[in-house]
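What follows is the content of my_file_7.txt (compact mmCIF, C-alpha atoms).
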# COMPACT_ATOMS: atom_id res chain seq x y z
CA MET A 1 0.00 0.00 0.00
CA ILE A 2 2.78 2.44 0.92
CA GLY A 3 4.52 1.50 -2.32
CA LEU A 4 1.45 2.56 -4.28
CA ILE A 5 1.46 5.91 -2.50
CA PHE A 6 5.10 6.51 -3.44
CA ILE A 7 4.43 5.51 -7.08
CA THR A 8 1.46 7.89 -7.26
CA ILE A 9 3.58 10.77 -5.93
CA GLY A 10 6.26 9.95 -8.51
CA VAL A 11 3.82 9.93 -11.42
CA LEU A 12 2.42 13.27 -10.26
CA PHE A 13 5.92 14.80 -10.23
CA ASN A 14 6.53 13.40 -13.72
CA LEU A 15 3.28 14.98 -14.86
CA LEU A 16 4.37 18.39 -13.53
CA GLY A 17 7.76 18.06 -15.24
CA CYS A 18 6.18 17.21 -18.58
CA ILE A 19 3.79 20.16 -18.30
CA GLY A 20 6.95 22.24 -17.82
CA ILE A 21 8.60 20.74 -20.90
CA ILE A 22 5.60 21.77 -22.99
CA ARG A 23 4.71 25.17 -21.58
CA LEU A 24 7.94 26.96 -20.63
CA PRO A 25 9.32 29.47 -23.15
CA ASP A 26 13.09 28.81 -23.17
CA THR A 27 15.53 25.91 -23.51
CA TYR A 28 17.15 26.61 -20.14
CA ASN A 29 13.81 26.91 -18.34
CA ARG A 30 12.58 23.69 -19.95
CA LEU A 31 15.68 21.75 -18.95
CA GLN A 32 15.71 22.91 -15.33
CA ALA A 33 12.01 22.27 -14.78
CA ALA A 34 11.99 18.90 -16.47
CA THR A 35 15.21 17.52 -15.01
CA LYS A 36 14.49 18.34 -11.38
CA ALA A 37 10.88 17.17 -11.37
CA VAL A 38 11.37 14.05 -13.50
CA THR A 39 14.45 12.90 -11.56
CA LEU A 40 12.62 13.21 -8.25
CA GLY A 41 9.57 11.46 -9.71
CA CYS A 42 11.48 8.47 -11.05
CA CYS A 43 13.45 8.12 -7.78
CA SER A 44 10.11 8.10 -5.96
CA ILE A 45 8.77 5.39 -8.29
CA LEU A 46 11.84 3.23 -7.62
CA LEU A 47 11.40 3.79 -3.86
CA GLY A 48 7.83 2.60 -4.23
CA VAL A 49 9.15 -0.55 -5.95
CA VAL A 50 11.46 -1.11 -2.95
CA PHE A 51 8.56 -0.86 -0.50
CA HIS A 52 6.33 -3.07 -2.65
CA PHE A 53 8.73 -5.99 -2.99
CA GLY A 54 10.07 -5.92 0.56
CA PHE A 55 13.36 -7.74 1.10
CA SER A 56 14.14 -9.49 -2.18
CA ASP A 57 16.33 -9.28 -5.29
CA ALA A 58 14.06 -6.80 -7.05
CA SER A 59 14.22 -4.33 -4.16
CA THR A 60 18.03 -4.57 -4.15
CA LYS A 61 18.13 -3.74 -7.85
CA ALA A 62 15.82 -0.77 -7.30
CA LEU A 63 17.99 0.48 -4.43
CA VAL A 64 21.05 0.29 -6.69
CA ALA A 65 19.20 2.10 -9.47
CA ILE A 66 18.27 5.13 -7.33
CA PRO A 67 21.79 6.69 -6.88
CA ILE A 68 22.76 5.80 -10.46
CA LEU A 69 19.69 7.61 -11.78
CA PHE A 70 20.23 10.60 -9.48
CA PHE A 71 23.87 11.25 -10.35
CA ALA A 72 23.63 10.34 -14.05
CA SER A 73 20.68 12.60 -14.81
CA THR A 74 22.01 15.63 -12.90
CA VAL A 75 25.51 15.43 -14.37
CA GLY A 76 24.09 14.87 -17.85
CA ALA A 77 21.79 17.88 -17.55
CA HIS A 78 24.64 20.10 -16.38
CA ALA A 79 26.84 19.08 -19.31
CA LEU A 80 23.94 19.54 -21.72
CA ILE A 81 23.14 23.05 -20.53
CA ARG A 82 26.81 24.06 -20.71
CA GLY A 83 26.96 22.79 -24.28
CA THR A 84 23.77 24.67 -25.09
CA TYR A 85 25.29 27.94 -23.86
CA HIS A 86 28.45 27.43 -25.91
CA PHE A 87 26.33 26.52 -28.95
CA GLY A 88 24.99 30.08 -28.93
CA ILE A 89 21.35 29.76 -27.87
CA LYS A 90 20.14 33.08 -26.44
CA LEU A 91 18.24 33.39 -23.19
CA GLY A 92 14.50 34.05 -23.29
CA LYS A 93 13.00 37.49 -23.47
CA LYS A 94 11.93 37.57 -19.82
CA SER A 95 15.30 36.46 -18.42
CA VAL A 96 17.00 39.23 -16.48
CA LYS A 97 20.38 37.94 -15.30
CA ASP A 98 23.25 36.11 -16.99
CA ASP A 99 26.17 35.44 -14.66
CA TYR A 100 27.82 32.81 -16.81
CA LYS A 101 28.63 35.35 -19.53
CA GLU A 102 31.22 37.02 -17.29
CA ALA A 103 32.59 33.71 -16.07
CA VAL A 104 33.18 32.39 -19.58
CA LYS A 105 35.40 35.33 -20.68
CA MET B 1 -4.76 -2.81 -7.35
CA SER B 2 -3.64 -4.05 -10.75
CA ASN B 3 -6.23 -1.80 -12.37
CA TYR B 4 -4.83 1.25 -10.55
CA LEU B 5 -1.27 0.35 -11.57
CA ASN B 6 -2.50 0.05 -15.16
CA ILE B 7 -3.76 3.62 -15.02
CA LEU B 8 -0.42 4.85 -13.66
CA LEU B 9 1.45 2.92 -16.37
CA TYR B 10 -0.66 4.48 -19.12
CA VAL B 11 -0.11 7.95 -17.65
CA GLN B 12 3.65 7.36 -17.65
CA ILE B 13 3.63 6.14 -21.27
CA GLY B 14 1.59 9.21 -22.23
CA LEU B 15 4.21 11.46 -20.61
CA SER B 16 6.93 9.85 -22.70
CA VAL B 17 4.80 10.59 -25.79
CA VAL B 18 4.77 14.24 -24.62
CA CYS B 19 8.59 14.17 -24.68
CA MET B 20 8.34 12.81 -28.24
CA TYR B 21 6.34 15.95 -29.07
CA ARG B 22 9.23 18.11 -27.87
CA ILE B 23 11.73 16.03 -29.87
CA ILE B 24 9.72 16.38 -33.09
CA ARG B 25 8.58 19.99 -32.68
CA GLY B 26 11.51 21.63 -30.86
CA PRO B 27 12.64 24.81 -32.60
CA THR B 28 16.38 24.37 -32.04
CA ILE B 29 18.78 21.43 -31.79
CA PRO B 30 19.31 21.59 -27.97
CA ASP B 31 15.54 21.43 -27.47
CA ARG B 32 15.47 18.04 -29.14
CA MET B 33 18.36 16.89 -26.98
CA VAL B 34 16.50 17.99 -23.84
CA GLY B 35 13.51 15.94 -24.96
CA ALA B 36 15.70 12.89 -25.55
CA ASP B 37 17.34 13.25 -22.13
CA ILE B 38 14.02 13.46 -20.29
CA PHE B 39 12.66 10.55 -22.34
CA GLY B 40 15.58 8.41 -21.17
CA ILE B 41 14.73 9.14 -17.54
CA LEU B 42 11.01 8.47 -17.98
CA VAL B 43 11.62 5.00 -19.46
CA VAL B 44 13.14 3.93 -16.13
CA GLY B 45 9.85 4.68 -14.39
CA ILE B 46 7.98 2.64 -17.02
CA CYS B 47 10.36 -0.29 -16.42
CA ALA B 48 9.82 -0.06 -12.64
CA ILE B 49 6.01 -0.13 -12.94
CA ILE B 50 6.13 -3.05 -15.42
CA SER B 51 8.38 -4.98 -13.01
CA ILE B 52 5.68 -4.68 -10.33
CA GLN B 53 2.93 -5.76 -12.70
CA THR B 54 4.65 -8.81 -14.13
CA ASP B 55 6.37 -9.68 -10.80
CA ARG B 56 9.72 -10.23 -12.49
CA SER B 57 12.91 -8.48 -11.37
CA PHE B 58 15.02 -8.55 -14.55
CA ILE B 59 13.11 -5.61 -16.04
CA LEU B 60 14.83 -3.38 -13.45
CA ASP B 61 18.14 -4.49 -15.00
CA ILE B 62 16.91 -3.12 -18.31
CA GLY B 63 16.17 0.15 -16.50
CA ILE B 64 19.68 0.40 -15.04
CA ALA B 65 21.30 -0.31 -18.42
CA TRP B 66 19.01 2.29 -20.00
CA ILE B 67 20.10 4.95 -17.48
CA ILE B 68 23.78 4.37 -18.19
CA LEU B 69 23.37 4.36 -21.98
CA SER B 70 21.25 7.52 -21.86
CA PHE B 71 23.91 9.20 -19.68
CA ILE B 72 26.69 8.38 -22.15
CA GLY B 73 24.54 9.57 -25.06
CA THR B 74 23.74 12.86 -23.34
CA LEU B 75 27.41 13.51 -22.56
CA THR B 76 28.37 12.82 -26.16
CA LEU B 77 25.70 15.16 -27.52
CA ALA B 78 26.72 17.90 -25.07
CA LYS B 79 30.33 17.55 -26.17
CA TYR B 80 29.17 17.81 -29.77
CA LEU B 81 27.33 21.03 -28.95
CA THR B 82 30.43 22.76 -27.56
CA GLY B 83 32.14 22.30 -30.91
CA LYS B 84 35.28 20.60 -29.61
CA LYS B 85 36.61 17.16 -30.34
CA LEU B 86 35.89 14.26 -28.01
CA ASN B 87 39.39 13.96 -26.57
CA GLU B 88 39.84 17.61 -25.63

Translate this structure into structure tokens?
Amino acid sequence: MIGLIFITIGVLFNLLGCIGIIRLPDTYNRLQAATKAVTLGCCSILLGVVFHFGFSDASTKALVAIPILFFASTVGAHALIRGTYHFGIKLGKKSVKDDYKEAVK
Amino acid sequence: MSNYLNILLYVQIGLSVVCMYRIIRGPTIPDRMVGADIFGILVVGICAIISIQTDRSFILDIGIAWIILSFIGTLTLAKYLTGKKLNE
């Protein structure tokens, strides 16, 4: 039962992240909204799998998958956004501050 | 309970279709890469829910392998975007 609750919370976070990937106006905004929400949602789904299976091989695999997913997605998103900035994509019209421009000189 | 998990599985598959929309429609190249990155994370959730429904544990192995391959692919695409070679 508690596993189902965790899976429901995870699917809701994924839903919010995918609304962000559709609605937000800029590449940077889309990536930050989607990566944070979707990573937390999928970690929550895997935690629900751990609680559902109890003490078995499947729960061990899910416990191993959680830190791999966390570190891989965050490091990949950081590299991707750095590459996007160097590729020359401008910030959106409503963005007000760009600290990385001074750091990259 | 299985019926409820079915609903959650269909919602998750629909969200990955939403990422497909961003891959097809995205105005610039990095937008498509963002869609592909998020799609790779969402597939892991689909694998986890399917592993509960079928009561088999090897589907989680597919999820772990998918995470690592998606990570390597994202790093390669990001390196391509910076315009340098892969060994720099």

Nearest to A:Ser56 among B:Pro30, B:Leu15, B:Arg56, B:Arg25, with distances taken over all atoms listed in the file: which residue is it?
->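 Under the stated criterion, the closest residue is B:Arg56.
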
Determine, counting all atoms listed in the file, which protein, DNA and RNA residues have an atom within 9 Å of an atom of B:Cys47; residues of the same chain fewer than 6 positions away are not included. Present the result as a ChimeraX atom specification.
-> /B:59-63

Within 8 Å of chain B, which residues of chain A are there when counting all atoms listed in the file? Please give them as a ChimeraX atom specification.
-> /A:8,11,14-15,18,21-22,27,30-31,34-35,38-39,42,45-46,49,52,57-58,61-62,65,68-69,72-73,76-77,79-84,86-87

For atom CA of B:Ile50 and atom CA of A:Leu4, quote the distance in Å rounded to one decimal.
->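 Atom-to-atom, atom CA of B:Ile50 and atom CA of A:Leu4 are spaced 13.3 Å apart.
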
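Going from atom CA of A:Phe13 to atom CA of B:Ile13 covers 14.2 Å.
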